[in-house]
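Shown next: run_16.csv, containing CSV, C-alpha atoms.
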chain,number,residue,atom,x,y,z
A,1,MET,CA,55.4,24.5,-16.4
A,2,ARG,CA,58.5,25.4,-14.4
A,3,ASP,CA,56.8,28.1,-12.2
A,4,ARG,CA,54.2,26.8,-9.7
A,5,PRO,CA,50.6,27.9,-9.9
A,6,ALA,CA,50.1,31.4,-8.5
A,7,GLY,CA,47.9,31.6,-5.4
A,8,LEU,CA,47.6,27.8,-4.9
A,9,ALA,CA,48.9,26.2,-1.7
A,10,GLU,CA,50.0,22.6,-1.9
A,11,ALA,CA,48.0,21.9,1.2
A,12,GLU,CA,44.8,22.6,-0.8
A,13,LEU,CA,45.8,20.0,-3.3
A,14,MET,CA,46.4,17.4,-0.6
A,15,VAL,CA,43.0,18.0,1.0
A,16,ALA,CA,41.2,17.7,-2.4
A,17,LEU,CA,43.0,14.4,-3.2
A,18,THR,CA,41.6,13.0,0.0
A,19,GLU,CA,38.1,14.4,-0.3
A,20,GLY,CA,37.7,13.7,-4.0
A,21,TRP,CA,39.6,10.4,-4.5
A,22,GLY,CA,40.3,9.0,-1.0
A,23,ILE,CA,44.0,9.4,-1.7
A,24,GLU,CA,46.0,10.1,1.5
A,25,PRO,CA,49.3,11.5,0.4
A,26,HIS,CA,52.6,10.2,1.8
A,27,SER,CA,55.0,12.1,-0.4
A,28,VAL,CA,54.5,14.8,-3.0
A,29,GLU,CA,56.9,16.0,-5.7
A,30,TYR,CA,56.3,18.9,-8.1
A,31,LEU,CA,57.1,18.0,-11.7
A,32,PRO,CA,58.2,20.9,-13.9
A,33,VAL,CA,57.1,19.3,-17.1
A,34,GLY,CA,54.5,19.9,-19.8
A,35,ALA,CA,52.9,23.2,-21.0
A,36,GLY,CA,49.7,24.8,-19.9
A,37,SER,CA,49.1,22.7,-16.8
A,38,TYR,CA,50.9,21.9,-13.5
A,39,HIS,CA,51.9,18.4,-12.5
A,40,TRP,CA,52.8,16.5,-9.3
A,41,SER,CA,53.8,12.9,-8.5
A,42,VAL,CA,52.0,11.8,-5.4
A,43,VAL,CA,52.6,8.6,-3.5
A,44,ASP,CA,49.8,7.6,-1.1
A,45,GLN,CA,50.0,5.9,2.3
A,46,ARG,CA,49.7,2.5,0.6
A,47,ARG,CA,52.7,3.4,-1.7
A,48,THR,CA,50.5,3.7,-4.8
A,49,ALA,CA,51.8,6.4,-7.2
A,50,TRP,CA,49.6,8.9,-8.9
A,51,PHE,CA,50.1,11.5,-11.6
A,52,VAL,CA,48.3,14.7,-10.5
A,53,LYS,CA,47.4,17.5,-12.8
A,54,VAL,CA,46.1,21.0,-12.1
A,55,ASP,CA,44.7,23.1,-15.0
A,56,ASP,CA,44.4,26.9,-14.9
A,57,LEU,CA,40.9,28.0,-15.8
A,58,GLY,CA,41.9,31.5,-16.6
A,59,VAL,CA,43.5,34.7,-15.2
A,60,GLU,CA,40.1,36.5,-15.4
A,61,GLU,CA,37.2,35.2,-13.4
A,62,ALA,CA,34.8,35.6,-16.2
A,63,GLY,CA,34.9,32.5,-18.3
A,64,ARG,CA,36.3,30.1,-15.6
A,65,ASP,CA,33.0,28.3,-15.2
A,66,ASP,CA,32.8,27.6,-18.9
A,67,ALA,CA,36.4,26.5,-18.9
A,68,PHE,CA,35.7,24.1,-16.1
A,69,ASP,CA,32.7,22.7,-17.8
A,70,GLN,CA,34.6,22.2,-21.1
A,71,LEU,CA,37.5,20.5,-19.2
A,72,GLY,CA,34.9,18.2,-17.6
A,73,ARG,CA,33.5,17.3,-21.0
A,74,SER,CA,36.9,16.6,-22.4
A,75,PHE,CA,38.0,14.3,-19.6
A,76,GLY,CA,34.6,12.7,-19.5
A,77,THR,CA,35.1,11.9,-23.2
A,78,ALA,CA,38.4,10.4,-22.5
A,79,LEU,CA,36.9,8.2,-19.8
A,80,ALA,CA,34.1,7.1,-22.2
A,81,LEU,CA,36.7,6.3,-24.9
A,82,ARG,CA,38.5,4.0,-22.5
A,83,ARG,CA,35.6,2.4,-20.6
A,84,ASP,CA,32.8,2.3,-23.2
A,85,ALA,CA,34.7,2.2,-26.5
A,86,GLY,CA,37.4,-0.1,-25.1
A,87,LEU,CA,40.4,2.0,-26.3
A,88,ASP,CA,43.1,0.9,-24.0
A,89,PHE,CA,45.6,3.4,-25.5
A,90,VAL,CA,43.6,6.2,-24.0
A,91,LEU,CA,45.2,7.3,-20.7
A,92,ALA,CA,42.1,8.6,-19.1
A,93,PRO,CA,41.7,10.3,-15.6
A,94,ILE,CA,40.7,8.4,-12.5
A,95,PRO,CA,37.1,9.4,-11.6
A,96,THR,CA,36.3,10.9,-8.3
A,97,ALA,CA,34.2,9.1,-5.7
A,98,THR,CA,31.2,10.7,-7.3
A,99,ASP,CA,32.3,9.5,-10.8
A,100,THR,CA,33.4,12.9,-12.2
A,101,ALA,CA,36.6,13.3,-14.1
A,102,VAL,CA,37.7,16.6,-12.7
A,103,TRP,CA,37.5,18.5,-9.3
A,104,ARG,CA,37.0,22.2,-8.9
A,105,LEU,CA,40.0,22.9,-6.7
A,106,THR,CA,39.6,26.7,-6.4
A,107,SER,CA,37.9,29.4,-8.4
A,108,ARG,CA,40.9,29.4,-10.8
A,109,TYR,CA,42.2,25.8,-10.7
A,110,ALA,CA,40.8,22.4,-11.6
A,111,LEU,CA,42.3,19.1,-10.4
A,112,SER,CA,42.5,15.7,-12.0
A,113,VAL,CA,44.2,12.4,-11.2
A,114,PHE,CA,45.8,9.9,-13.5
A,115,PRO,CA,47.4,6.5,-13.0
A,116,LYS,CA,51.2,6.6,-12.8
A,117,VAL,CA,52.3,4.6,-15.9
A,118,ALA,CA,55.8,3.4,-16.5
A,119,GLY,CA,56.9,4.7,-19.9
A,120,ALA,CA,58.4,7.6,-21.7
A,121,ALA,CA,56.7,10.4,-23.7
A,122,GLY,CA,58.5,12.2,-26.5
A,123,HIS,CA,58.8,16.0,-27.0
A,124,PHE,CA,56.8,18.4,-29.0
A,125,GLY,CA,57.9,18.2,-32.6
A,126,THR,CA,57.6,15.9,-35.6
A,127,HIS,CA,57.0,12.1,-35.3
A,128,ARG,CA,59.8,9.8,-36.4
A,129,PRO,CA,58.9,8.2,-39.7
A,130,GLU,CA,59.3,4.8,-38.2
A,131,ASP,CA,56.5,5.6,-35.7
A,132,HIS,CA,54.0,6.8,-38.3
A,133,VAL,CA,52.3,3.5,-39.0
A,134,GLU,CA,51.6,2.8,-35.3
A,135,VAL,CA,50.4,6.3,-34.5
A,136,ILE,CA,48.1,6.5,-37.6
A,137,GLY,CA,46.6,3.2,-36.4
A,138,LEU,CA,45.8,4.7,-33.1
A,139,LEU,CA,44.2,7.8,-34.7
A,140,ALA,CA,42.2,5.7,-37.1
A,141,GLU,CA,40.9,3.6,-34.2
A,142,LEU,CA,40.1,6.7,-32.2
A,143,HIS,CA,38.2,8.4,-35.1
A,144,GLU,CA,36.1,5.2,-35.6
A,145,ALA,CA,34.9,5.4,-32.0
A,146,THR,CA,33.0,8.6,-32.7
A,147,PRO,CA,29.5,7.1,-32.3
A,148,ILE,CA,30.4,6.1,-28.7
A,149,VAL,CA,31.1,9.7,-27.6
A,150,ALA,CA,29.0,11.7,-30.0
A,151,ASP,CA,26.8,12.9,-27.1
A,152,THR,CA,29.6,13.4,-24.7
A,153,ALA,CA,32.4,15.3,-26.6
A,154,SER,CA,32.0,18.9,-27.4
A,155,ARG,CA,32.0,20.0,-31.0
A,156,ALA,CA,34.8,22.2,-32.3
A,157,GLU,CA,34.0,25.7,-33.4
A,158,LEU,CA,35.9,27.0,-36.4
A,159,VAL,CA,37.1,30.1,-34.6
A,160,LEU,CA,40.6,31.1,-33.4
A,161,PRO,CA,40.8,31.1,-29.6
A,162,GLY,CA,42.1,34.4,-28.3
A,163,ARG,CA,41.6,36.2,-31.6
A,164,ASP,CA,39.9,39.3,-29.9
A,165,LYS,CA,43.0,39.7,-27.7
A,166,LEU,CA,45.4,39.4,-30.6
A,167,GLU,CA,43.5,41.9,-32.7
A,168,GLU,CA,43.4,44.3,-29.7
A,169,ALA,CA,47.1,44.0,-29.4
A,170,LEU,CA,47.6,44.7,-33.1
A,171,GLN,CA,45.6,47.9,-32.7
A,172,ASN,CA,47.8,49.0,-29.8
A,173,LEU,CA,51.3,48.7,-31.2
A,174,ASP,CA,51.8,52.5,-31.2
A,175,ARG,CA,51.8,52.8,-27.4
A,176,GLU,CA,54.1,51.3,-24.7
A,177,TRP,CA,53.1,48.0,-23.2
A,178,THR,CA,53.7,48.1,-19.4
A,179,GLY,CA,52.7,44.7,-18.2
A,180,GLY,CA,56.2,43.6,-17.2
A,181,PRO,CA,59.8,43.3,-18.3
A,182,TYR,CA,58.9,41.3,-21.4
A,183,ALA,CA,56.0,43.4,-22.6
A,184,GLU,CA,57.9,46.0,-24.6
A,185,PRO,CA,60.2,43.4,-26.3
A,186,ALA,CA,57.0,41.6,-27.3
A,187,ARG,CA,55.4,44.8,-28.6
A,188,LYS,CA,58.4,45.5,-30.7
A,189,MET,CA,58.6,42.0,-32.1
A,190,LEU,CA,54.9,42.0,-33.0
A,191,SER,CA,55.2,45.4,-34.6
A,192,ALA,CA,57.9,44.2,-36.9
A,193,HIS,CA,55.6,41.4,-38.1
A,194,ALA,CA,52.2,42.9,-37.7
A,195,GLY,CA,51.5,43.0,-41.4
A,196,HIS,CA,52.2,39.3,-41.8
A,197,VAL,CA,50.1,38.4,-38.8
A,198,ARG,CA,47.2,40.3,-40.3
A,199,ARG,CA,47.6,38.4,-43.6
A,200,LEU,CA,47.7,35.1,-41.7
A,201,LEU,CA,44.4,36.0,-40.0
A,202,ALA,CA,42.8,36.7,-43.4
A,203,ASP,CA,44.2,33.5,-44.8
A,204,PHE,CA,42.8,31.7,-41.7
A,205,ASP,CA,39.3,33.1,-42.5
A,206,ARG,CA,39.5,31.9,-46.1
A,207,ARG,CA,40.5,28.4,-45.1
A,208,VAL,CA,37.8,28.2,-42.4
A,209,ASP,CA,35.2,28.9,-45.2
A,210,GLN,CA,36.7,26.1,-47.3
A,211,VAL,CA,36.5,23.6,-44.4
A,212,ARG,CA,33.0,24.8,-43.4
A,213,ASP,CA,31.8,24.3,-47.0
A,214,SER,CA,33.2,20.8,-47.3
A,215,ALA,CA,31.1,17.7,-46.9
A,216,ALA,CA,33.6,15.9,-44.7
A,217,VAL,CA,32.4,13.9,-41.8
A,218,TRP,CA,33.6,15.1,-38.4
A,219,VAL,CA,35.1,12.7,-35.9
A,220,VAL,CA,36.3,12.6,-32.3
A,221,THR,CA,39.8,14.0,-32.4
A,222,HIS,CA,42.6,14.2,-29.8
A,223,GLY,CA,43.7,17.6,-31.0
A,224,GLU,CA,47.4,17.5,-30.2
A,225,PRO,CA,48.8,14.0,-31.1
A,226,HIS,CA,52.4,15.1,-31.3
A,227,PRO,CA,55.2,13.0,-29.8
A,228,GLY,CA,55.0,14.9,-26.5
A,229,ASN,CA,51.5,13.4,-26.0
A,230,VAL,CA,52.4,9.8,-27.1
A,231,MET,CA,53.8,7.6,-24.4
A,232,ARG,CA,55.7,4.5,-25.2
A,233,THR,CA,55.0,1.8,-22.6
A,234,SER,CA,55.7,-2.0,-22.3
A,235,ALA,CA,52.0,-2.5,-23.2
A,236,GLY,CA,52.3,-0.3,-26.3
A,237,LEU,CA,51.6,3.3,-27.1
A,238,ARG,CA,49.4,5.5,-25.0
A,239,LEU,CA,47.8,8.8,-25.9
A,240,ILE,CA,47.9,11.3,-23.0
A,241,ASP,CA,46.7,14.8,-22.3
A,242,TRP,CA,43.0,14.7,-23.4
A,243,GLY,CA,42.1,18.3,-22.5
A,244,THR,CA,41.7,19.2,-26.2
A,245,VAL,CA,39.5,16.3,-27.3
A,246,GLN,CA,36.6,17.4,-29.6
A,247,ILE,CA,34.4,16.4,-32.5
A,248,ALA,CA,36.2,18.0,-35.5
A,249,PRO,CA,37.5,17.4,-39.0
A,250,PRO,CA,39.9,14.4,-38.9
A,251,GLU,CA,42.6,16.7,-40.3
A,252,ARG,CA,42.8,18.3,-36.8
A,253,ASP,CA,44.8,15.2,-35.8
A,254,LEU,CA,46.2,14.1,-39.1
A,255,TRP,CA,48.2,17.2,-40.1
A,256,MET,CA,50.7,16.4,-37.3
A,257,LEU,CA,51.8,13.3,-39.2
A,258,THR,CA,52.6,15.1,-42.4
A,259,SER,CA,55.5,17.4,-43.3
A,260,ALA,CA,53.4,20.4,-42.5
A,261,LEU,CA,54.5,20.3,-38.8
A,262,ALA,CA,58.2,20.3,-39.8
A,263,ARG,CA,57.6,23.3,-42.1
A,264,MET,CA,55.8,25.2,-39.3
A,265,LEU,CA,58.7,24.6,-37.0
A,266,GLY,CA,61.2,25.8,-39.6
A,267,GLU,CA,62.7,22.3,-40.0
A,268,ASP,CA,63.5,20.2,-43.0
A,269,PRO,CA,60.3,18.3,-43.9
A,270,VAL,CA,60.6,14.7,-42.8
A,271,GLY,CA,57.0,13.7,-42.6
A,272,ASP,CA,55.7,10.7,-44.5
A,273,ASP,CA,52.7,12.0,-46.3
A,274,GLY,CA,51.9,8.4,-47.2
A,275,VAL,CA,50.3,8.1,-43.8
A,276,LEU,CA,47.2,9.7,-45.3
A,277,VAL,CA,46.9,6.9,-47.7
A,278,ARG,CA,47.1,4.4,-44.8
A,279,TYR,CA,44.5,6.4,-42.9
A,280,THR,CA,42.1,6.3,-45.8
A,281,ARG,CA,42.6,2.5,-46.2
A,282,ALA,CA,41.9,2.0,-42.5
A,283,THR,CA,38.8,4.1,-42.3
A,284,GLY,CA,37.5,4.5,-45.8
A,285,ARG,CA,37.5,8.3,-45.1
A,286,ALA,CA,39.2,10.6,-47.6
A,287,VAL,CA,41.5,13.3,-46.3
A,288,SER,CA,40.6,16.9,-47.1
A,289,PRO,CA,43.4,19.2,-48.4
A,290,ALA,CA,41.4,22.2,-47.0
A,291,GLY,CA,41.6,20.7,-43.5
A,292,LEU,CA,45.2,19.9,-43.8
A,293,ALA,CA,45.9,23.5,-44.8
A,294,LEU,CA,43.8,25.0,-42.0
A,295,TYR,CA,45.1,23.3,-38.9
A,296,PRO,CA,48.8,24.2,-39.1
A,297,LEU,CA,47.7,27.8,-39.5
A,298,TRP,CA,45.3,27.5,-36.6
A,299,TRP,CA,48.1,26.1,-34.4
A,300,ARG,CA,50.5,28.9,-35.3
A,301,LEU,CA,48.0,31.7,-34.8
A,302,ALA,CA,46.5,30.2,-31.6
A,303,ASP,CA,50.0,30.1,-30.0
A,304,ILE,CA,50.8,33.6,-31.2
A,305,ALA,CA,47.6,34.8,-29.6
A,306,ILE,CA,48.3,33.0,-26.3
A,307,PHE,CA,51.8,34.4,-26.0
A,308,VAL,CA,50.9,37.9,-26.9
A,309,ASP,CA,48.1,37.9,-24.3
A,310,GLU,CA,50.4,36.6,-21.6
A,311,LEU,CA,53.1,39.1,-22.4
A,312,ARG,CA,50.7,42.1,-22.3
A,313,ARG,CA,49.3,41.1,-19.0
A,314,PRO,CA,51.0,42.0,-15.7
A,315,HIS,CA,54.0,39.6,-15.2
A,316,GLY,CA,57.3,39.2,-13.5
A,317,THR,CA,60.5,37.4,-14.5
A,318,GLY,CA,59.6,33.7,-14.1
A,319,GLU,CA,60.9,31.1,-16.4
A,320,ASP,CA,57.5,30.4,-18.0
A,321,ILE,CA,56.9,34.0,-19.1
A,322,ALA,CA,60.5,34.3,-20.5
A,323,ALA,CA,59.8,31.2,-22.5
A,324,SER,CA,56.6,32.8,-23.9
A,325,LEU,CA,58.7,35.6,-25.4
A,326,THR,CA,61.1,33.1,-26.8
A,327,TYR,CA,58.3,31.0,-28.4
A,328,LEU,CA,56.6,34.2,-29.7
A,329,THR,CA,59.8,35.3,-31.3
A,330,GLY,CA,60.3,31.9,-32.9
A,331,TYR,CA,56.8,31.9,-34.4
A,332,LEU,CA,57.1,35.4,-35.8
A,333,GLU,CA,60.6,35.1,-37.2
A,334,SER,CA,59.8,31.8,-38.8
A,335,SER,CA,56.8,33.3,-40.6
A,336,ARG,CA,58.5,36.2,-42.2
A,337,ASP,CA,57.4,37.2,-45.7

Would you mind writing the file's structure down as structure tokens?
Amino acid sequence: MRDRPAGLAEAELMVALTEGWGIEPHSVEYLPVGAGSYHWSVVDQRRTAWFVKVDDLGVEEAGRDDAFDQLGRSFGTALALRRDAGLDFVLAPIPTATDTAVWRLTSRYALSVFPKVAGAAGHFGTHRPEDHVEVIGLLAELHEATPIVADTASRAELVLPGRDKLEEALQNLDREWTGGPYAEPARKMLSAHAGHVRRLLADFDRRVDQVRDSAAVWVVTHGEPHPGNVMRTSAGLRLIDWGTVQIAPPERDLWMLTSALARMLGEDPVGDDGVLVRYTRATGRAVSPAGLALYPLWWRLADIAIFVDELRRPHGTGEDIAASLTYLTGYLESSRD
């Protein structure tokens, strides 16, 4: 995120770090990285470095408490995976003095703290074929740890987040959108592709029914194991950003190591679908074609719903909202009939 969180003073962040973790900041640097959350590098008085993360619980007050509870369960699951399941590749948050994984910073924002690890993460996109074996090994190990966190992790619902807002937008394409400078371009773009988006929604419903009717065993999944959430360190790979961890079909993770991700991004398929064979050998668990078909569609539609909602709301001319229009355009134009 390049724009800083609206209505949050950095001084509030510093006070919470001291109260929640006993961290007395010496220097603070905002990091315009990642998507969906805000990040800082903080060095304390003892010269220990920390990676600090602030999550937005929602523009509307209704639903923020549920979002905070869900984030707490997600980060609590990450802690359990590292401490109880012994998965060293899980880069989990540092618990507060009261052993909670996340701190309610304000009504709208939640704070978490992570160790500052030397290494480099990739970028959102496809995994390099030469990394497939190592990444599939991490996912197999993660999925096998399901019994340890079965009572901690939340269970995924086979519903599209933000669908109500997207369908509302589709029903209001004949009137001007006045939320801000990018609202009307977004309306015109969605209007040009409205029929296809509606067909994608119908296809999503069919695929959900197929997955729901399958007898596949659900496992603990990371949810977004793309290269941007895989950090290469001197001690090996680390999986970061555990805000999306849930009990779900294993294909929720696995599809990102197939050629489906490249196709969704409009790139030449370079995925090694042989990773699925390796996964089955490692876990004894068969991979469901229905699940592999559902999750690329889920990802595309969920992003479209997020960007449409952001662009309909009141907004200015910041870099993040401009990027939302760019991403929405890319999704819609790459999914033409």

Any chance you could tabulate, as JSON lines, the residues of segment 166-262 of chain A at most 9 Å from segment 273-281 of chain A with each one's nearest atom pair and distance in Å to one decimal, using only C-alpha atoms, in chain and rising number order?
{"residue": "A:Leu254", "atom": "CA", "partner": "A:Leu276", "partner_atom": "CA", "distance": 7.7}
{"residue": "A:Leu257", "atom": "CA", "partner": "A:Val275", "partner_atom": "CA", "distance": 7.1}
{"residue": "A:Thr258", "atom": "CA", "partner": "A:Asp273", "partner_atom": "CA", "distance": 5.0}
{"residue": "A:Ser259", "atom": "CA", "partner": "A:Asp273", "partner_atom": "CA", "distance": 6.8}

How would the residues just picked look written out with C-alpha atoms as a compact mmCIF listing (two decimals), in the frame of the given file?
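Listing of result-v5.txt after writing:
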# COMPACT_ATOMS: atom_id res chain seq x y z
CA LEU A 254 46.20 14.10 -39.10
CA LEU A 257 51.80 13.30 -39.20
CA THR A 258 52.60 15.10 -42.40
CA SER A 259 55.50 17.40 -43.30

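Relative to atom CA of Asp65 of chain A, atom CA of Ser41 of chain A is found at 26.7 Å.
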
Compile the contact shell of Gly228 of chain A as a ChimeraX atom specification: residues with an atom at most 7 Å away, counting only C-alpha atoms, same-chain residues fewer than 5 positions apart removed.
/A:121-124

Which residues are near Arg175 of chain A? Cut-off 12 Å, all atoms listed in the file, ignore same chain within fewer than 4 positions. Put them as an mmCIF file with C-alpha atoms, in the coordinates of the input.
data_model
loop_
_atom_site.group_PDB
_atom_site.id
_atom_site.type_symbol
_atom_site.label_atom_id
_atom_site.label_comp_id
_atom_site.auth_asym_id
_atom_site.auth_seq_id
_atom_site.Cartn_x
_atom_site.Cartn_y
_atom_site.Cartn_z
ATOM 1 C CA ALA A 169 47.100 44.000 -29.400
ATOM 2 C CA LEU A 170 47.600 44.700 -33.100
ATOM 3 C CA GLN A 171 45.600 47.900 -32.700
ATOM 4 C CA ALA A 183 56.000 43.400 -22.600
ATOM 5 C CA GLU A 184 57.900 46.000 -24.600
ATOM 6 C CA ARG A 187 55.400 44.800 -28.600
ATOM 7 C CA LYS A 188 58.400 45.500 -30.700
ATOM 8 C CA SER A 191 55.200 45.400 -34.600
ATOM 9 C CA ARG A 312 50.700 42.100 -22.300
#

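All residues of protein, DNA or RNA that reach within 12 Å of Ser107 of chain A, judged by all atoms listed in the file and not counting those fewer than 5 positions away in the chain, are Gly7, Leu8, Asp55, Asp56, Leu57, Gly58, Val59, Glu60, Glu61, Ala62, Gly63, Arg64, Asp65, Asp66, Ala67 and Phe68 of chain A.
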
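We find atom CA of Pro115 of chain A and atom CA of Val42 of chain A to be spaced 10.3 Å apart.
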
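Between Ala49 of chain A and the candidates A:Arg155, A:Arg2, A:His222, A:Lys116, the tightest atom-to-atom separation, counting only C-alpha atoms, involves A:Lys116.
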
In file coordinates, which residues lie within 9 Å of (50.3, 38.2, -8.5) using all atoms listed in the file, given as a list in words?
Ala6, Gly7, Pro314, His315 and Gly316 of chain A

For Pro225 of chain A, please output as a JSON list (two decimals) with C-alpha atoms, in the frame of the given file all residues within 10 Å (counting all atoms listed in the file; exclusion window: fewer than 3 positions along the same chain).
[["chain", "number", "residue", "atom", "x", "y", "z"],
["A", 124, "PHE", "CA", 56.80, 18.40, -29.00],
["A", 127, "HIS", "CA", 57.00, 12.10, -35.30],
["A", 135, "VAL", "CA", 50.40, 6.30, -34.50],
["A", 136, "ILE", "CA", 48.10, 6.50, -37.60],
["A", 138, "LEU", "CA", 45.80, 4.70, -33.10],
["A", 139, "LEU", "CA", 44.20, 7.80, -34.70],
["A", 221, "THR", "CA", 39.80, 14.00, -32.40],
["A", 222, "HIS", "CA", 42.60, 14.20, -29.80],
["A", 228, "GLY", "CA", 55.00, 14.90, -26.50],
["A", 229, "ASN", "CA", 51.50, 13.40, -26.00],
["A", 230, "VAL", "CA", 52.40, 9.80, -27.10],
["A", 239, "LEU", "CA", 47.80, 8.80, -25.90],
["A", 240, "ILE", "CA", 47.90, 11.30, -23.00],
["A", 241, "ASP", "CA", 46.70, 14.80, -22.30],
["A", 242, "TRP", "CA", 43.00, 14.70, -23.40],
["A", 252, "ARG", "CA", 42.80, 18.30, -36.80],
["A", 253, "ASP", "CA", 44.80, 15.20, -35.80],
["A", 254, "LEU", "CA", 46.20, 14.10, -39.10],
["A", 255, "TRP", "CA", 48.20, 17.20, -40.10],
["A", 256, "MET", "CA", 50.70, 16.40, -37.30],
["A", 257, "LEU", "CA", 51.80, 13.30, -39.20]]
